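Participant: Handing you a structure now.
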Protein chains: 2
Amino acid sequence: VAALPDRVSARAGIVVTGTEVLTGRVADRNGPWLSERLRELGVDHAYTLVVGDRREDMDEALRFLAARGVDLIVTSGGLGPTADDLTAEVVGAFAGRPMVLDEPLEERIAEILRPLLSRWPDLDPEAIRASNRKQAVVPSGATVLEPVGTAPGLVVAVDGGGPTVVVLPGPPRELHAMWPAAVGTEAFRAAVAGAVELRQEMLRLFGIPESEIAETLRLAEDAHGLEGLEITTCLRRGEVEVVTRFSPAAAGVYERFVETVRARHADTLFSEDGRSVDQQVADELRARGLTIATAESCTGGLLAGRLTDLAGSSDYVLGGLVVYSNEAKSALAGVDPALIERVGAVSVEVAEALADGARARLGADVGVGITGIAGPFGGTPEKPVGLVCFSVAMPGDARLTRSLNLPGGRADIRDRSTTIAMHLVRRLLLAS
Amino acid sequence: VAALPDRVSARAGIVVTGTEVLTGRVADRNGPWLSERLRELGVDHAYTLVVGDRREDMDEALRFLAARGVDLIVTSGGLGPTADDLTAEVVGAFAGRPMVLDEPLEERIAEILRPLLSRWPDLDPEAIRASNRKQAVVPSGATVLEPVGTAPGLVVAVDGGGPTVVVLPGPPRELHAMWPAAVGTEAFRAAVAGAVELRQEMLRLFGIPESEIAETLRLAEDAHGLEGLEITTCLRRGEVEVVTRFSPAAAGVYERFVETVRARHADTLFSEDGRSVDQQVADELRARGLTIATAESCTGGLLAGRLTDLAGSSDYVLGGLVVYSNEAKSALAGVDPALIERVGAVSVEVAEALADGARARLGADVGVGITGIAGPFGGTPEKPVGLVCFSVAMPGDARLTRSLNLPGGRADIRDRSTTIAMHLVRRLLLAS
């Protein structure tokens with residue numbers, strides 16, 4: 001909310017290239033990832049530009065950032081073997097450097113391709129080699145970052161001043177692996193010299209509207225000021241996230257702000273250290289040596305998928321049942337067909353039976369049952385699309401059951417349901 | 001690859017606001033969605049700028065697009081009740097219009113908030129009302145788009161020429177619902193008058209490297225030219241997508257290009273009409289009246305979740321088993337413990353037993369078994385991280401089984417595994 005007291009000394013912009021990203025066929029994972037890395041280095045990142053595979057658009061994006069006085073530009077994508085991959089060439093022209101074939105690099109790329117060729121024996125080796133020779137043509141004087149896939153990265157200083165350009169490949173795995181080498185180059189370090197590291201902290205709340213946080217911010221501002229804090233709030237998967245950036249000098253102001261939030265939102269503030277509810281559930285299960293299992297209808301396995309996203313989740317996730325049909329609810333989770341007949345498959349009673357069935361069938365300590373109407377079909381006036389019933393059961397008859405009407409489309413309802421289930425598991429674990 | 005023959009007559013830029021999007025805490029879903037809608041209207045979209053909740057950065061983004069001569073700017077986000085939501089104000093200043101309180105709008109927002117207040121009876125109604133009054137302050141003369149949540153959208157014509165700005169809320173559900181009203185306004189229609197609709201077609205291939213497509217493009221160019229086609233290729237979830245945009249006049253050139261791809265890639269080209277493998281599997285199951293069930297270990301329910309993403313999937317998805325522990329593999333999917341003991345849980349034999357178990361336990365026609373090592377722990381020299389075994393079984397002993405070494409981290413391996421499983425199901429269905 002308030003402006004930062006010290007201007008951060010190094011500034012950067014990100015250019016994400018690729019018509020597939022611009023038009024949304026591929027979600028951009030690189031802009032966000034690079035932003036986070038820059039922040040860790042104390043480099044202020046104000047812009048991400050997404051442009052298609054068009055020479056003039058990429059050039060304009062570089063010029064926009066240069067005109068804004070950034071010290072560093074990081075690009076992702078456009079280093080592949082096809083003719084629409086133009087980044088190296090555009091950056092070379094931007095930096096005023098001719099393109100030259102780096103022959104040892106060409107040889108190293110050929111070396112990388114050899115095992116690939118043996119995997120697809122029908123391919124023409126010369127055609128592949130020609131496609132990839134293009135990837136060894138680089139701006140003269142550029143620092144080459146060794147390929148992780150087949151595409152090398154580049155660090156290009158611009159003659160006569162102007163931002164240093166770091167050119168990275170589009171596939172996230174290659175970009176991630178190449179980043180440390182990029183940061184280690186002399187040109188990169190010179191460009192960001194003198195950056196002051198900012199702290200970033202996150203509070204997470206569940207179960208209140210964002211406007212309540214707005215009121216809390218006003219109260220905190222009136223009570224003791226928020227000088228030196230840059231606070232942003234957002235709604236994400238049904239949770240409110242409050243992220244604050246500040247220089248170390250403002251740490252005391254941040255502490256007072258956190259106390260205000262704690263006092264006003266004791267019942268909904270669930271994380272002060274940035275840990276997600278997923279991580280909290282995992283930590284709690286692991287610490288107490290408890291196991292968990294699921295029985296899902298409308299979420300179709302997404303909760304089990306989310307529980308097993310975390311590395312090491314096999315320590316506490318035993319498995320789950322996806323019981324989309326009524327027959328599966330009975331055959332797999334042991335739900336009494338007469339119960340389904342009497343109260344309907346979408347009901348708190350069936351959610352409870354599913355949670356019990358998950359526990360019993362998988363021999364788990366904690367069982368989660370979800371049944372609902374994700375839509376767009378299947379709603380009735382009594383049970384509209386968005387009605388979802390949840391139950392979480394633990395040993396000793398501890399149980400939480402909820403029936404909620406969720407807004408949004410099919411994907412929203414399914415995703416939000418997994419978040420609600422996670423919070424119910426967390427609450428029951430902390431209460432038991 | 002080649003330039004478009006006709007310059008499209010209307011051009012647009014997108015500005016996505018929100019520090020949470022810029023820094024990657026929230027993935028941007030609005031830029032891609034808006035890009036697709038603009039394309040349908042024949043409006044060329046060259047840039048998406050992502051900026052944080054900072055006044056000057058948002059203003060610079062608007063000015064950059066105006067300087068590039070766009071006819072239309074669409075913004076998303078920054079219409080909420082908190083002080084970091086600045087978009088209406090920044091756009092007002094950009095358009096040279098004072099901000100005014102729209103009292104009837106304020107009253108309508110109050111009306112929307114009433115049921116919300118009753119859901120959270122502890123909240124202070126006056127505080128909420130003050131938070132949301134801000135949302136009724138709009139640039140004078142702007143066309144108001146009625147709120148879907150609590151935030152109204154805006155269409156603002158810029159005095160003295162310059163692009164028309166469409167201001168939309170950040171939550172995708174609200175943005176989607178508001179879009180038709182935005183397109184219907186006089187200012188929007190005037191801004192994009194004369195746009196020529198472009199066709200866009202997509203080919204999808206599975207099981208070849210992107211460099212092979214580069215060679216095909218060169219051959220097609222040599223054989224009969226690609227004049228008037230704008231072709232981009234990208235890798236996505238293990239598939240190669242070839243997207244071509246062209247004006248109706250170049251339809252014949254596109255047809256010849258498709259014939260070249262068909263001839264060279266008969267075995268890997270699996271979709272010519274843009275349908276995803278998910279959709280093809282769904283269509284094939286539905287058309288033949290077959291049902292499907294899964295038994296997943298390393299993917300932990302993600303394949304079942306993916307199969308049930310599509311509306312109406314309850315017609316053919318019966319359910320699934322998430323068998324993370326060895327005990328669950330035996331107890332739920334009926335895998336012989338002695339088999340696991342002998343060949344290990346990650347093996348083609350266990351994958352086959354899982355596919356059979358899924359069929360038997362859920363009474364399904366098609367069964368899919370997946371078992372593998374998603375990492376980062378649990379790999380051995382014989383069975384490294386990334387080893388995943390798949391089996392798909394159908395009536396009459398029809399079966400496809402594969403053992404593959406997949407690259408990347410835990411999330412990549414799990415996601416890629418669901419794609420491979422989908423393709424195996426597709427192949428077996430088409431062969432049976």
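Each chain in the structure tokens gets a letter, A, B, ..., in the order shown, and its residues are numbered from 1; ligands are numbered from 1 in order too.
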Would you list the contacts of Leu198 in chain A as a JSON list (two decimals) with N, CA and C atoms, in the first residue's frame, taking every protein, DNA or RNA residue within 9 Å and counting only C-alpha atoms, but skipping same-chain residues closer than 5 positions in sequence?
Facilitator:
[["chain", "number", "residue", "atom", "x", "y", "z"],
["A", 8, "VAL", "N", 14.89, 0.17, -4.71],
["A", 8, "VAL", "CA", 15.75, -0.99, -4.89],
["A", 8, "VAL", "C", 16.72, -0.65, -6.02],
["A", 39, "ARG", "N", 13.33, -11.63, -7.21],
["A", 39, "ARG", "CA", 13.03, -11.08, -5.91],
["A", 39, "ARG", "C", 14.04, -11.56, -4.87],
["A", 40, "GLU", "N", 14.36, -12.85, -4.92],
["A", 40, "GLU", "CA", 15.34, -13.40, -3.97],
["A", 40, "GLU", "C", 16.69, -12.69, -4.08],
["A", 41, "LEU", "N", 17.01, -12.24, -5.29],
["A", 41, "LEU", "CA", 18.28, -11.54, -5.50],
["A", 41, "LEU", "C", 18.16, -10.05, -5.17],
["A", 42, "GLY", "N", 16.97, -9.62, -4.73],
["A", 42, "GLY", "CA", 16.78, -8.21, -4.40],
["A", 42, "GLY", "C", 16.56, -7.34, -5.62],
["A", 43, "VAL", "N", 16.28, -7.96, -6.75],
["A", 43, "VAL", "CA", 16.08, -7.21, -7.99],
["A", 43, "VAL", "C", 14.59, -6.94, -8.14],
["A", 245, "ARG", "N", 5.92, -6.97, 1.23],
["A", 245, "ARG", "CA", 7.35, -6.83, 0.96],
["A", 245, "ARG", "C", 7.86, -5.61, 1.72],
["A", 246, "PHE", "N", 9.03, -5.74, 2.29],
["A", 246, "PHE", "CA", 9.57, -4.62, 3.06],
["A", 246, "PHE", "C", 11.08, -4.78, 3.20],
["A", 247, "SER", "N", 11.75, -3.66, 3.37],
["A", 247, "SER", "CA", 13.19, -3.72, 3.61],
["A", 247, "SER", "C", 13.40, -4.09, 5.08],
["A", 248, "PRO", "N", 14.55, -4.65, 5.43],
["A", 248, "PRO", "CA", 14.77, -5.11, 6.80],
["A", 248, "PRO", "C", 14.47, -4.03, 7.84]]
Participant: Using only C-alpha atoms, find the residues of chain A whose closest atom to chain B is at most 6 Å away, then write them as a PyMOL selection string.
Facilitator: chain A and resi 1+23-24+32+35+47-51+81-82+84+211+214+300-302+304-305+308+318-325
Participant: Neighbours of Thr260 in chain A within 12 Å (only C-alpha atoms; same-chain residues fewer than 2 positions away dropped), as a count of residues only?
Facilitator: 25
Participant: For Leu105 in chain A, which of A:Gln135, A:Thr17, A:Ser403, A:Thr419 is the closest residue, counting only C-alpha atoms?
Facilitator: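 Smallest distance to Leu105 in chain A is found for A:Gln135.
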Participant: Identify which of the residues B:Pro384, B:Pro139, B:Pro163, B:Pro104 lies closest to Val91 in chain B, counting only C-alpha atoms when measuring atom-to-atom distances.
Facilitator: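 With only C-alpha atoms as the atom set, the closest residue is B:Pro139.
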Participant: Quick one, how far is CA of Leu175 in chain B from CA of Ala187 in chain B?
Facilitator: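 Value for the CA of Leu175 in chain B-CA of Ala187 in chain B distance: 18.1 Å.
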Participant: What are the DSSP alpha helix (DSSP H) residues of range 96-143 of chain B, as a PyMOL selection string?
Facilitator: chain B and resi 103-119+125-133
Participant: Filtering to C-alpha atoms, could you give me those residues as a JSON list (two decimals), in the first residue's frame?
Facilitator:
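Full text of result-v1.json as output:
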[["chain", "number", "residue", "atom", "x", "y", "z"],
["B", 103, "GLU", "CA", -24.77, 6.72, -6.77],
["B", 104, "PRO", "CA", -27.26, 4.34, -8.39],
["B", 105, "LEU", "CA", -24.35, 1.95, -8.96],
["B", 106, "GLU", "CA", -23.35, 2.28, -5.31],
["B", 107, "GLU", "CA", -26.90, 1.30, -4.37],
["B", 108, "ARG", "CA", -26.84, -1.72, -6.69],
["B", 109, "ILE", "CA", -23.54, -2.91, -5.16],
["B", 110, "ALA", "CA", -25.04, -2.52, -1.69],
["B", 111, "GLU", "CA", -27.92, -4.70, -2.86],
["B", 112, "ILE", "CA", -25.48, -7.39, -4.02],
["B", 113, "LEU", "CA", -23.68, -7.32, -0.69],
["B", 114, "ARG", "CA", -26.75, -7.90, 1.47],
["B", 115, "PRO", "CA", -26.85, -11.71, 1.16],
["B", 116, "LEU", "CA", -23.07, -11.81, 1.64],
["B", 117, "LEU", "CA", -23.46, -9.95, 4.91],
["B", 118, "SER", "CA", -26.03, -12.43, 6.14],
["B", 119, "ARG", "CA", -23.57, -15.28, 5.42],
["B", 125, "PRO", "CA", -21.95, -3.74, 7.56],
["B", 126, "GLU", "CA", -20.73, -0.15, 7.47],
["B", 127, "ALA", "CA", -17.09, -1.19, 7.01],
["B", 128, "ILE", "CA", -18.05, -3.49, 4.16],
["B", 129, "ARG", "CA", -20.17, -0.79, 2.59],
["B", 130, "ALA", "CA", -17.28, 1.71, 2.78],
["B", 131, "SER", "CA", -14.91, -0.82, 1.22],
["B", 132, "ASN", "CA", -17.25, -1.32, -1.67],
["B", 133, "ARG", "CA", -18.32, 2.29, -2.19]]
